[in-house]
file start.txt (compact mmCIF, C-alpha atoms)
# COMPACT_ATOMS: atom_id res chain seq x y z
CA MET A 23 -4.75 39.38 -26.45
CA ASP A 24 -1.71 40.47 -24.44
CA LEU A 25 -3.10 38.74 -21.33
CA PHE A 26 -3.67 35.52 -23.29
CA ILE A 27 -0.08 35.52 -24.57
CA LYS A 28 1.20 36.04 -21.04
CA PHE A 29 -0.99 33.11 -19.94
CA LEU A 30 0.54 30.84 -22.59
CA VAL A 31 4.07 31.88 -21.63
CA ALA A 32 3.32 31.26 -17.95
CA ALA A 33 1.82 27.85 -18.81
CA VAL A 34 5.04 26.79 -20.53
CA GLY A 35 7.09 27.82 -17.51
CA ALA A 36 4.77 26.09 -15.04
CA GLY A 37 4.78 22.90 -17.11
CA THR A 38 8.56 22.62 -17.45
CA PRO A 39 9.23 20.66 -14.21
CA LEU A 40 6.41 18.31 -15.23
CA LEU A 41 8.12 17.78 -18.59
CA PHE A 42 11.36 16.67 -16.94
CA GLY A 43 9.53 14.39 -14.52
CA THR A 44 7.37 12.87 -17.26
CA VAL A 45 10.23 12.17 -19.67
CA GLY A 46 12.29 10.67 -16.85
CA GLU A 47 9.42 8.37 -15.88
CA ILE A 48 8.82 7.37 -19.51
CA LEU A 49 12.41 6.09 -19.71
CA ASN A 50 11.76 4.03 -16.58
CA GLU A 51 8.49 2.60 -17.80
CA LYS A 52 9.80 1.78 -21.26
CA VAL A 53 12.02 -0.88 -19.65
CA GLY A 54 9.11 -2.20 -17.60
CA HIS A 55 9.65 -0.34 -14.31
CA LEU A 56 6.82 1.63 -12.77
CA ASN A 57 8.83 4.03 -10.63
CA LEU A 58 6.60 5.81 -8.13
CA GLY A 59 9.65 7.55 -6.73
CA VAL A 60 9.55 10.47 -9.18
CA GLU A 61 8.54 12.87 -6.40
CA GLY A 62 11.49 11.73 -4.28
CA MET A 63 14.01 11.91 -7.12
CA MET A 64 12.82 15.39 -8.00
CA ALA A 65 13.05 16.43 -4.34
CA ILE A 66 16.65 15.18 -4.09
CA GLY A 67 17.49 16.95 -7.35
CA ALA A 68 15.86 20.13 -6.05
CA CYS A 69 18.02 20.07 -2.94
CA ALA A 70 21.27 19.15 -4.72
CA GLY A 71 20.80 21.70 -7.49
CA PHE A 72 19.96 24.53 -5.11
CA MET A 73 22.74 23.77 -2.63
CA ALA A 74 25.33 23.35 -5.39
CA GLY A 75 24.32 26.71 -6.85
CA TYR A 76 24.32 28.30 -3.40
CA LEU A 77 27.78 27.01 -2.49
CA SER A 78 29.53 27.23 -5.88
CA ASP A 79 27.93 30.33 -7.41
CA ASN A 80 27.78 28.36 -10.68
CA PHE A 81 24.57 27.58 -12.58
CA ALA A 82 26.09 24.83 -14.76
CA LEU A 83 27.43 23.06 -11.68
CA ALA A 84 23.99 23.29 -10.07
CA LEU A 85 22.45 21.53 -13.09
CA LEU A 86 25.12 18.82 -13.01
CA ALA A 87 24.58 18.32 -9.27
CA ALA A 88 20.82 17.99 -9.73
CA PHE A 89 21.31 15.45 -12.51
CA ALA A 90 23.88 13.48 -10.50
CA ALA A 91 21.67 13.45 -7.41
CA GLY A 92 18.75 12.14 -9.46
CA VAL A 93 21.00 9.42 -10.89
CA LEU A 94 22.14 8.34 -7.42
CA ALA A 95 18.56 8.23 -6.15
CA ALA A 96 17.54 6.18 -9.18
CA LEU A 97 20.48 3.86 -8.56
CA ILE A 98 19.00 2.90 -5.19
CA TYR A 99 15.69 2.08 -6.88
CA ALA A 100 17.43 0.17 -9.68
CA VAL A 101 19.49 -1.97 -7.30
CA LEU A 102 16.37 -2.84 -5.32
CA THR A 103 14.13 -3.68 -8.28
CA VAL A 104 16.51 -4.89 -11.00
CA THR A 105 19.12 -6.74 -8.96
CA PHE A 106 17.18 -7.76 -5.85
CA LEU A 107 13.76 -7.96 -7.57
CA ALA A 108 12.00 -5.94 -4.87
CA ASN A 109 8.39 -4.90 -5.38
CA GLN A 110 8.48 -1.88 -7.71
CA ASN A 111 5.57 -0.06 -6.09
CA VAL A 112 6.98 -0.39 -2.59
CA ALA A 113 10.49 0.61 -3.71
CA GLY A 114 9.14 3.67 -5.54
CA LEU A 115 7.00 4.83 -2.63
CA THR A 116 9.96 4.34 -0.28
CA MET A 117 12.11 6.46 -2.60
CA THR A 118 9.54 9.25 -2.49
CA ILE A 119 9.39 9.24 1.32
CA PHE A 120 13.18 9.04 1.58
CA GLY A 121 13.82 11.70 -1.06
CA VAL A 122 11.42 14.29 0.33
CA GLY A 123 12.64 13.68 3.89
CA LEU A 124 16.32 13.88 2.96
CA SER A 125 15.79 17.04 0.93
CA ASN A 126 13.99 18.81 3.77
CA PHE A 127 16.57 17.63 6.32
CA ILE A 128 19.50 18.99 4.30
CA GLY A 129 17.63 22.24 3.72
CA VAL A 130 17.02 22.76 7.44
CA TYR A 131 20.63 21.81 8.24
CA MET A 132 22.05 24.29 5.71
CA LEU A 133 19.71 27.02 6.94
CA ASP A 134 20.81 26.50 10.56
CA LYS A 135 24.47 26.38 9.52
CA SER A 136 24.20 29.65 7.57
CA GLY A 137 22.84 31.54 10.56
CA ALA A 138 20.53 33.49 8.23
CA SER A 139 16.75 33.53 8.15
CA THR A 140 16.67 32.36 4.50
CA LEU A 141 18.92 30.70 1.94
CA LYS A 142 19.11 32.65 -1.32
CA LEU A 143 20.99 31.83 -4.49
CA PRO A 144 23.85 34.19 -5.41
CA GLU A 145 23.09 36.92 -7.92
CA ASN A 146 25.42 35.37 -10.50
CA VAL A 147 23.32 32.17 -10.51
CA THR A 148 19.97 33.94 -10.64
CA ALA A 149 21.25 36.10 -13.50
CA GLN A 150 22.06 32.98 -15.53
CA MET A 151 18.57 31.61 -14.83
CA ARG A 152 16.79 34.63 -16.25
CA SER A 153 15.02 34.49 -19.60
CA VAL A 154 17.34 33.98 -22.54
CA THR A 155 17.37 36.86 -25.02
CA ILE A 156 17.98 35.86 -28.63
CA PRO A 157 18.86 38.83 -30.87
CA VAL A 158 16.12 39.70 -33.39
CA LEU A 159 14.04 36.60 -32.60
CA SER A 160 13.16 37.68 -29.05
CA ASP A 161 12.03 41.07 -30.37
CA LEU A 162 9.51 39.66 -32.85
CA PRO A 163 5.91 40.58 -32.00
CA VAL A 164 3.90 37.73 -30.41
CA VAL A 165 6.19 34.97 -31.75
CA GLY A 166 9.20 36.39 -29.92
CA GLU A 167 7.43 36.26 -26.57
CA LEU A 168 5.82 32.88 -27.22
CA LEU A 169 8.94 31.06 -28.40
CA PHE A 170 12.05 33.00 -27.42
CA SER A 171 11.51 34.45 -23.95
CA TYR A 172 12.12 31.56 -21.55
CA ASN A 173 14.76 30.59 -19.00
CA PRO A 174 17.39 27.95 -19.92
CA PHE A 175 15.48 25.12 -18.21
CA VAL A 176 12.63 25.38 -20.73
CA TYR A 177 14.87 24.95 -23.76
CA ILE A 178 16.83 22.17 -22.06
CA GLY A 179 13.55 20.39 -21.29
CA VAL A 180 12.33 20.55 -24.88
CA LEU A 181 15.70 19.32 -26.18
CA VAL A 182 15.73 16.46 -23.65
CA ALA A 183 12.19 15.40 -24.61
CA ALA A 184 12.98 15.55 -28.33
CA GLY A 185 16.26 13.70 -27.82
CA CYS A 186 14.62 10.94 -25.78
CA GLY A 187 11.88 10.60 -28.39
CA PHE A 188 14.50 10.18 -31.10
CA TYR A 189 16.42 7.71 -28.95
CA LEU A 190 13.37 5.51 -28.27
CA TYR A 191 11.75 5.57 -31.70
CA ARG A 192 14.50 6.28 -34.21
CA THR A 193 17.47 4.20 -33.03
CA LYS A 194 18.14 0.48 -32.87
CA THR A 195 19.03 0.79 -29.20
CA GLY A 196 15.73 2.51 -28.46
CA LEU A 197 13.79 -0.25 -30.22
CA ASN A 198 15.72 -2.81 -28.16
CA VAL A 199 14.80 -0.89 -25.02
CA GLN A 200 11.13 -0.99 -25.97
CA ALA A 201 11.44 -4.73 -26.60
CA ILE A 202 12.67 -5.12 -23.01
CA GLY A 203 9.57 -3.33 -21.76
CA GLU A 204 7.29 -5.52 -23.83
CA ASN A 205 8.88 -8.92 -23.24
CA PRO A 206 12.20 -9.04 -21.39
CA ALA A 207 12.52 -12.82 -21.79
CA ALA A 208 12.24 -12.56 -25.58
CA ALA A 209 14.66 -9.63 -25.60
CA ASP A 210 17.10 -11.67 -23.52
CA ALA A 211 16.78 -14.59 -25.94
CA ALA A 212 17.64 -12.15 -28.73
CA SER A 213 20.95 -11.35 -26.97
CA ILE A 214 19.83 -7.94 -25.68
CA GLN A 215 21.49 -7.12 -22.35
CA VAL A 216 18.26 -6.72 -20.40
CA ASN A 217 19.58 -5.72 -16.97
CA ARG A 218 22.22 -3.41 -18.42
CA TRP A 219 19.67 -1.41 -20.38
CA LYS A 220 17.25 -1.40 -17.47
CA TYR A 221 19.97 0.21 -15.33
CA ILE A 222 20.93 2.71 -18.04
CA ASN A 223 17.38 3.89 -18.63
CA ILE A 224 16.42 4.01 -14.96
CA LEU A 225 19.52 6.05 -14.09
CA LEU A 226 19.09 8.39 -17.05
CA GLY A 227 15.43 8.88 -16.16
CA GLY A 228 16.37 9.64 -12.57
CA GLY A 229 18.88 12.27 -13.66
CA ILE A 230 16.28 13.99 -15.84
CA CYS A 231 13.82 13.99 -12.92
CA GLY A 232 16.55 15.58 -10.78
CA ILE A 233 16.85 18.52 -13.18
CA GLY A 234 13.06 18.95 -12.98
CA GLY A 235 13.40 19.18 -9.22
CA ALA A 236 16.09 21.83 -9.55
CA TYR A 237 13.63 23.90 -11.59
CA CYS A 238 11.23 23.82 -8.65
CA SER A 239 13.75 25.01 -6.06
CA MET A 240 15.63 27.46 -8.27
CA ILE A 241 12.97 28.97 -10.56
CA ILE A 242 9.52 28.44 -9.04
CA ASN A 243 10.75 29.53 -5.60
CA SER A 244 12.62 32.52 -7.10
CA GLY A 245 16.01 31.36 -5.85
CA VAL A 246 14.97 31.07 -2.20
CA TRP A 247 15.10 27.69 -0.44
CA ILE A 248 11.67 26.41 0.62
CA SER A 249 11.03 22.93 2.00
CA ASN A 250 8.76 20.62 -0.03
CA SER A 251 9.52 22.65 -3.15
CA VAL A 252 8.38 19.90 -5.55
CA ASN A 253 4.97 19.93 -3.85
CA GLY A 254 3.32 16.95 -5.57
CA LEU A 255 4.50 17.61 -9.12
CA GLY A 256 6.17 14.21 -9.23
CA TRP A 257 2.81 12.50 -8.82
CA ILE A 258 1.31 14.54 -11.62
CA ALA A 259 4.28 13.55 -13.83
CA VAL A 260 3.51 9.86 -13.27
CA ALA A 261 -0.03 10.40 -14.56
CA LEU A 262 1.24 12.57 -17.41
CA VAL A 263 3.09 9.54 -18.77
CA ILE A 264 -0.32 8.02 -19.49
CA PHE A 265 -1.60 11.30 -20.93
CA ALA A 266 1.44 11.40 -23.24
CA ALA A 267 0.93 7.76 -24.32
CA TRP A 268 4.51 6.92 -23.26
CA LYS A 269 5.92 9.23 -25.96
CA PRO A 270 8.46 11.89 -24.87
CA HIS A 271 7.58 14.34 -27.65
CA VAL A 272 3.88 14.20 -26.71
CA ALA A 273 4.92 14.92 -23.11
CA ILE A 274 5.79 18.44 -24.28
CA LEU A 275 2.11 19.07 -25.05
CA GLY A 276 0.95 17.30 -21.89
CA SER A 277 3.19 19.37 -19.65
CA PHE A 278 1.94 22.55 -21.34
CA VAL A 279 -1.69 21.58 -20.67
CA PHE A 280 -1.04 20.81 -17.01
CA GLY A 281 1.10 23.93 -16.72
CA ALA A 282 -1.88 25.93 -17.96
CA LEU A 283 -4.05 24.37 -15.25
CA ARG A 284 -1.48 25.33 -12.62
CA VAL A 285 -1.43 29.04 -13.54
CA LEU A 286 -5.08 29.41 -14.53
CA LYS A 287 -6.00 31.04 -11.21
CA TYR A 288 -3.79 34.03 -12.09
CA TYR A 289 -5.51 34.55 -15.45
CA LYS A 290 -9.19 34.01 -14.63
CA MET A 291 -11.74 34.86 -17.28
CA GLY A 292 -14.69 37.03 -16.37
CA PHE A 293 -17.11 34.27 -15.42
CA MET A 294 -14.43 32.71 -13.14
CA ALA A 295 -13.93 35.87 -11.09
CA GLY A 296 -15.79 34.57 -8.05
CA TRP A 297 -14.29 31.09 -8.07
CA PRO A 298 -11.99 30.38 -5.09
CA ASP A 299 -8.26 29.91 -5.72
CA ALA A 300 -8.45 26.56 -3.94
CA PHE A 301 -10.51 25.20 -6.84
CA PHE A 302 -7.76 26.06 -9.33
CA ASP A 303 -5.08 24.63 -7.02
CA MET A 304 -7.06 21.40 -7.02
CA LEU A 305 -7.52 21.18 -10.81
CA PRO A 306 -4.17 19.57 -11.80
CA PHE A 307 -4.58 16.88 -9.14
CA LEU A 308 -8.24 16.32 -10.04
CA ILE A 309 -7.36 15.82 -13.71
CA THR A 310 -4.51 13.53 -12.64
CA ALA A 311 -6.93 11.38 -10.65
CA LEU A 312 -9.38 11.26 -13.57
CA ILE A 313 -6.63 10.11 -15.94
CA LEU A 314 -5.70 7.28 -13.57
CA VAL A 315 -9.33 6.25 -13.10
CA VAL A 316 -10.06 6.23 -16.84
CA THR A 317 -6.87 4.27 -17.53
CA SER A 318 -7.76 1.77 -14.83
CA ILE A 319 -11.23 1.28 -16.34
CA ARG A 320 -9.82 0.81 -19.83
CA GLY A 321 -7.34 -1.77 -18.52
CA SER A 322 -5.53 -3.66 -21.28
CA LYS A 323 -7.09 -1.49 -23.97
CA GLY A 324 -4.27 1.02 -23.43
CA ALA A 325 -2.24 -0.08 -26.44
CA HIS A 326 0.84 1.98 -25.54
CA ILE A 327 1.38 0.48 -22.08
CA PRO A 328 4.57 -1.63 -21.99
CA ALA A 329 3.37 -5.20 -21.50
CA SER A 330 5.82 -6.02 -18.70
CA LEU A 331 5.28 -2.76 -16.79
CA GLY A 332 5.55 -3.36 -13.06
CA VAL A 333 6.73 -6.97 -13.44
CA ASN A 334 10.28 -7.83 -12.36
CA TYR A 335 12.32 -10.02 -14.68
CA PHE A 336 14.06 -13.07 -13.25
CA ARG A 337 16.27 -14.61 -15.90
CA GLU A 338 16.00 -18.16 -14.58
CA GLU A 339 12.23 -18.13 -15.21
CA ARG A 340 12.59 -17.80 -18.99

call {"tool": "encode", "arguments": {"input": "start.txt", "output": "structure tokens"}}
result
Amino acid sequence: MDLFIKFLVAAVGAGTPLLFGTVGEILNEKVGHLNLGVEGMMAIGACAGFMAGYLSDNFALALLAAFAAGVLAALIYAVLTVTFLANQNVAGLTMTIFGVGLSNFIGVYMLDKSGASTLKLPENVTAQMRSVTIPVLSDLPVVGELLFSYNPFVYIGVLVAAGCGFYLYRTKTGLNVQAIGENPAAADAASIQVNRWKYINILLGGGICGIGGAYCSMIINSGVWISNSVNGLGWIAVALVIFAAWKPHVAILGSFVFGALRVLKYYKMGFMAGWPDAFFDMLPFLITALILVVTSIRGSKGAHIPASLGVNYFREER
């Protein structure tokens, strides 16, 4: 029983960066933009968050830097696809290549500049990233460990997902945003500022992805800088949007499931003892591919897919 609880706790932690990436991509897709640059935005956020924490010795500043870096990366994508009507797939893939390359370049530069063999976050920052202890609640048997024993990123991620779900489904602005994703011409005719809200959602989504990247470089890597720290999680997040049916609150469950797949190799059941670790490393990506294949086969039957997803809006064509 104790091992199973530890597995669930580890699954939540492993799924947290996926939650940020998924929610950020949902905000993009809800305004009709299929942003394949999630990996790149997370990579830039990972670099900015780590380096800000390393240089400032301040965890809050590291989070702000990761968010700001994600926003700036998303701004490049938004200018290309919203203003200049560039192909969304090409722009997103370019952002991924650019983001990963820039992140690794800055990491190597900072490592050379430091003169040390590794870059490690200051103790003050790592202390603030440790699991939050809530008096009484954290000491409860089973429930305390399952719900009240995580680092700050986990709670921030859940709050962000819940907040975005409320924004999209419980506010007038959110309903207007969804109208843009379904039919931007009709939304424009109804006096909704289409391009403004496209920019706002794309930038906000990019910032959220950036925080997810910071989790990878600051938590997963135990406060030590490692190149390619996002390691494909951005691609899984894109598929998780489909798994979550474009609903931020469902993304919480989806990220938990994929987080469980990521840590399963450390908690093998008896009959899995002889299975190679490489099989478990492959599982999240295999499930991701299956989700994409099934969605592609279903085609237009996916009722939650924004109707204008991937199609640029040119106002003069109304």

call {"tool": "closest_residue", "arguments": {"input": "start.txt", "among": "A:Leu83, A:Val45, A:Ser213, A:Leu162", "to": "A:Ile264", "atoms": "only C-alpha atoms"}}
result
A:Val45

call {"tool": "closest_residue", "arguments": {"input": "start.txt", "among": "A:Ile66, A:Thr193, A:Gly234, A:Ile241", "to": "A:Phe127", "atoms": "only C-alpha atoms"}}
result
A:Ile66

call {"tool": "atom_distance", "arguments": {"input": "start.txt", "atom1": "atom CA of A:Gly71", "atom2": "atom CA of A:Ala236"}}
result
5.1 Å

call {"tool": "residues_around", "arguments": {"input": "start.txt", "residues": "A:Gln200", "least_positions_apart": "4", "cutoff": "7 Å", "atoms": "only C-alpha atoms", "output": "PyMOL selection string"}}
result
chain A and resi 52-53+196+204

call {"tool": "residues_around", "arguments": {"input": "start.txt", "residues": "stretch 97-109 of chain A", "least_positions_apart": "3", "cutoff": "8 Å", "atoms": "all atoms listed in the file", "output": "count of residues only"}}
result
14

call {"tool": "residues_near_point", "arguments": {"input": "start.txt", "point": "(24.5, 27.4, -7.3)", "cutoff": "12 Å", "atoms": "only C-alpha atoms", "output": "PyMOL selection string"}}
result
chain A and resi 68-88+141-151+236+239-240+245-247

call {"tool": "residues_around", "arguments": {"input": "start.txt", "residues": "stretch 23-25 of chain A", "least_positions_apart": "4", "cutoff": "10 Å", "atoms": "all atoms listed in the file", "output": "list in words"}}
result
Phe29, Leu30, Val31, Val164 and Tyr289 of chain A

call {"tool": "residues_around", "arguments": {"input": "start.txt", "residues": "stretch 314-319 of chain A", "least_positions_apart": "6", "cutoff": "10 Å", "atoms": "all atoms listed in the file", "output": "list in words"}}
result
Val260, Ala261, Leu262, Ile264 and Phe265 of chain A

call {"tool": "residues_around", "arguments": {"input": "start.txt", "residues": "A:Ala209", "least_positions_apart": "2", "cutoff": "12 Å", "atoms": "only C-alpha atoms", "output": "number ranges by chain"}}
result
A: 53, 195, 197-207, 211-217, 219-220, 330, 335, 337, 340

call {"tool": "write_last_selection", "arguments": {"input": "start.txt", "atoms": "C-alpha atoms", "output": "short mmCIF file (atom, residue, chain, number, x, y, z; two decimals), in the coordinates of the input"}}
result
data_model
loop_
_atom_site.label_atom_id
_atom_site.label_comp_id
_atom_site.auth_asym_id
_atom_site.auth_seq_id
_atom_site.Cartn_x
_atom_site.Cartn_y
_atom_site.Cartn_z
CA VAL A 53 12.02 -0.88 -19.65
CA THR A 195 19.03 0.79 -29.20
CA LEU A 197 13.79 -0.25 -30.22
CA ASN A 198 15.72 -2.81 -28.16
CA VAL A 199 14.80 -0.89 -25.02
CA GLN A 200 11.13 -0.99 -25.97
CA ALA A 201 11.44 -4.73 -26.60
CA ILE A 202 12.67 -5.12 -23.01
CA GLY A 203 9.57 -3.33 -21.76
CA GLU A 204 7.29 -5.52 -23.83
CA ASN A 205 8.88 -8.92 -23.24
CA PRO A 206 12.20 -9.04 -21.39
CA ALA A 207 12.52 -12.82 -21.79
CA ALA A 211 16.78 -14.59 -25.94
CA ALA A 212 17.64 -12.15 -28.73
CA SER A 213 20.95 -11.35 -26.97
CA ILE A 214 19.83 -7.94 -25.68
CA GLN A 215 21.49 -7.12 -22.35
CA VAL A 216 18.26 -6.72 -20.40
CA ASN A 217 19.58 -5.72 -16.97
CA TRP A 219 19.67 -1.41 -20.38
CA LYS A 220 17.25 -1.40 -17.47
CA SER A 330 5.82 -6.02 -18.70
CA TYR A 335 12.32 -10.02 -14.68
CA ARG A 337 16.27 -14.61 -15.90
CA ARG A 340 12.59 -17.80 -18.99
#

call {"tool": "atom_distance", "arguments": {"input": "start.txt", "atom1": "atom CA of A:Pro174", "atom2": "atom CA of A:Thr310"}}
result
27.2 Å

call {"tool": "closest_residue", "arguments": {"input": "start.txt", "among": "A:Ile222, A:Ser171, A:Lys28, A:Gly92", "to": "A:Val158", "atoms": "all atoms listed in the file"}}
result
A:Ser171

call {"tool": "closest_residue", "arguments": {"input": "start.txt", "among": "A:Phe89, A:Phe280, A:Tyr237, A:Phe120", "to": "A:Val176", "atoms": "all atoms listed in the file"}}
result
A:Tyr237

call {"tool": "atom_distance", "arguments": {"input": "start.txt", "atom1": "atom CA of A:Val60", "atom2": "atom CA of A:Gly37"}}
result
15.5 Å

call {"tool": "decode", "arguments": {"input": "start.txt", "residues": "stretch 226-235 of chain A", "atoms": "all heavy atoms", "output": "short mmCIF file (atom, residue, chain, number, x, y, z; two decimals), in the first residue's frame"}}
result
data_model
loop_
_atom_site.label_atom_id
_atom_site.label_comp_id
_atom_site.auth_asym_id
_atom_site.auth_seq_id
_atom_site.Cartn_x
_atom_site.Cartn_y
_atom_site.Cartn_z
N LEU A 226 -0.61 34.35 -23.17
CA LEU A 226 -0.86 33.74 -21.86
C LEU A 226 -0.51 32.25 -21.89
O LEU A 226 0.12 31.73 -20.96
CB LEU A 226 -2.32 33.92 -21.47
CG LEU A 226 -2.76 33.36 -20.12
CD1 LEU A 226 -1.94 33.98 -19.00
CD2 LEU A 226 -4.25 33.60 -19.89
N GLY A 227 -0.90 31.58 -22.97
CA GLY A 227 -0.56 30.16 -23.10
C GLY A 227 0.94 29.94 -23.15
O GLY A 227 1.46 29.00 -22.54
N GLY A 228 1.66 30.82 -23.84
CA GLY A 228 3.11 30.70 -23.89
C GLY A 228 3.75 30.87 -22.53
O GLY A 228 4.69 30.15 -22.17
N GLY A 229 3.26 31.83 -21.74
CA GLY A 229 3.79 32.04 -20.40
C GLY A 229 3.58 30.82 -19.51
O GLY A 229 4.47 30.44 -18.74
N ILE A 230 2.42 30.20 -19.61
CA ILE A 230 2.13 29.00 -18.82
C ILE A 230 3.06 27.85 -19.24
O ILE A 230 3.58 27.12 -18.40
CB ILE A 230 0.65 28.60 -18.98
CG1 ILE A 230 -0.24 29.67 -18.33
CG2 ILE A 230 0.38 27.24 -18.35
CD1 ILE A 230 -1.72 29.49 -18.60
N CYS A 231 3.28 27.72 -20.55
CA CYS A 231 4.23 26.70 -21.02
C CYS A 231 5.63 26.96 -20.47
O CYS A 231 6.36 26.03 -20.12
CB CYS A 231 4.27 26.70 -22.55
SG CYS A 231 2.81 26.02 -23.36
N GLY A 232 6.01 28.25 -20.38
CA GLY A 232 7.32 28.60 -19.86
C GLY A 232 7.51 28.14 -18.42
O GLY A 232 8.59 27.65 -18.05
N ILE A 233 6.47 28.26 -17.60
CA ILE A 233 6.56 27.78 -16.21
C ILE A 233 6.73 26.26 -16.19
O ILE A 233 7.49 25.72 -15.38
CB ILE A 233 5.31 28.19 -15.42
CG1 ILE A 233 5.22 29.73 -15.33
CG2 ILE A 233 5.35 27.60 -14.00
CD1 ILE A 233 3.97 30.22 -14.64
N GLY A 234 6.04 25.57 -17.10
CA GLY A 234 6.22 24.12 -17.20
C GLY A 234 7.65 23.75 -17.54
O GLY A 234 8.20 22.76 -17.03
N GLY A 235 8.28 24.56 -18.39
CA GLY A 235 9.68 24.31 -18.71
C GLY A 235 10.58 24.52 -17.50
O GLY A 235 11.53 23.76 -17.28
#
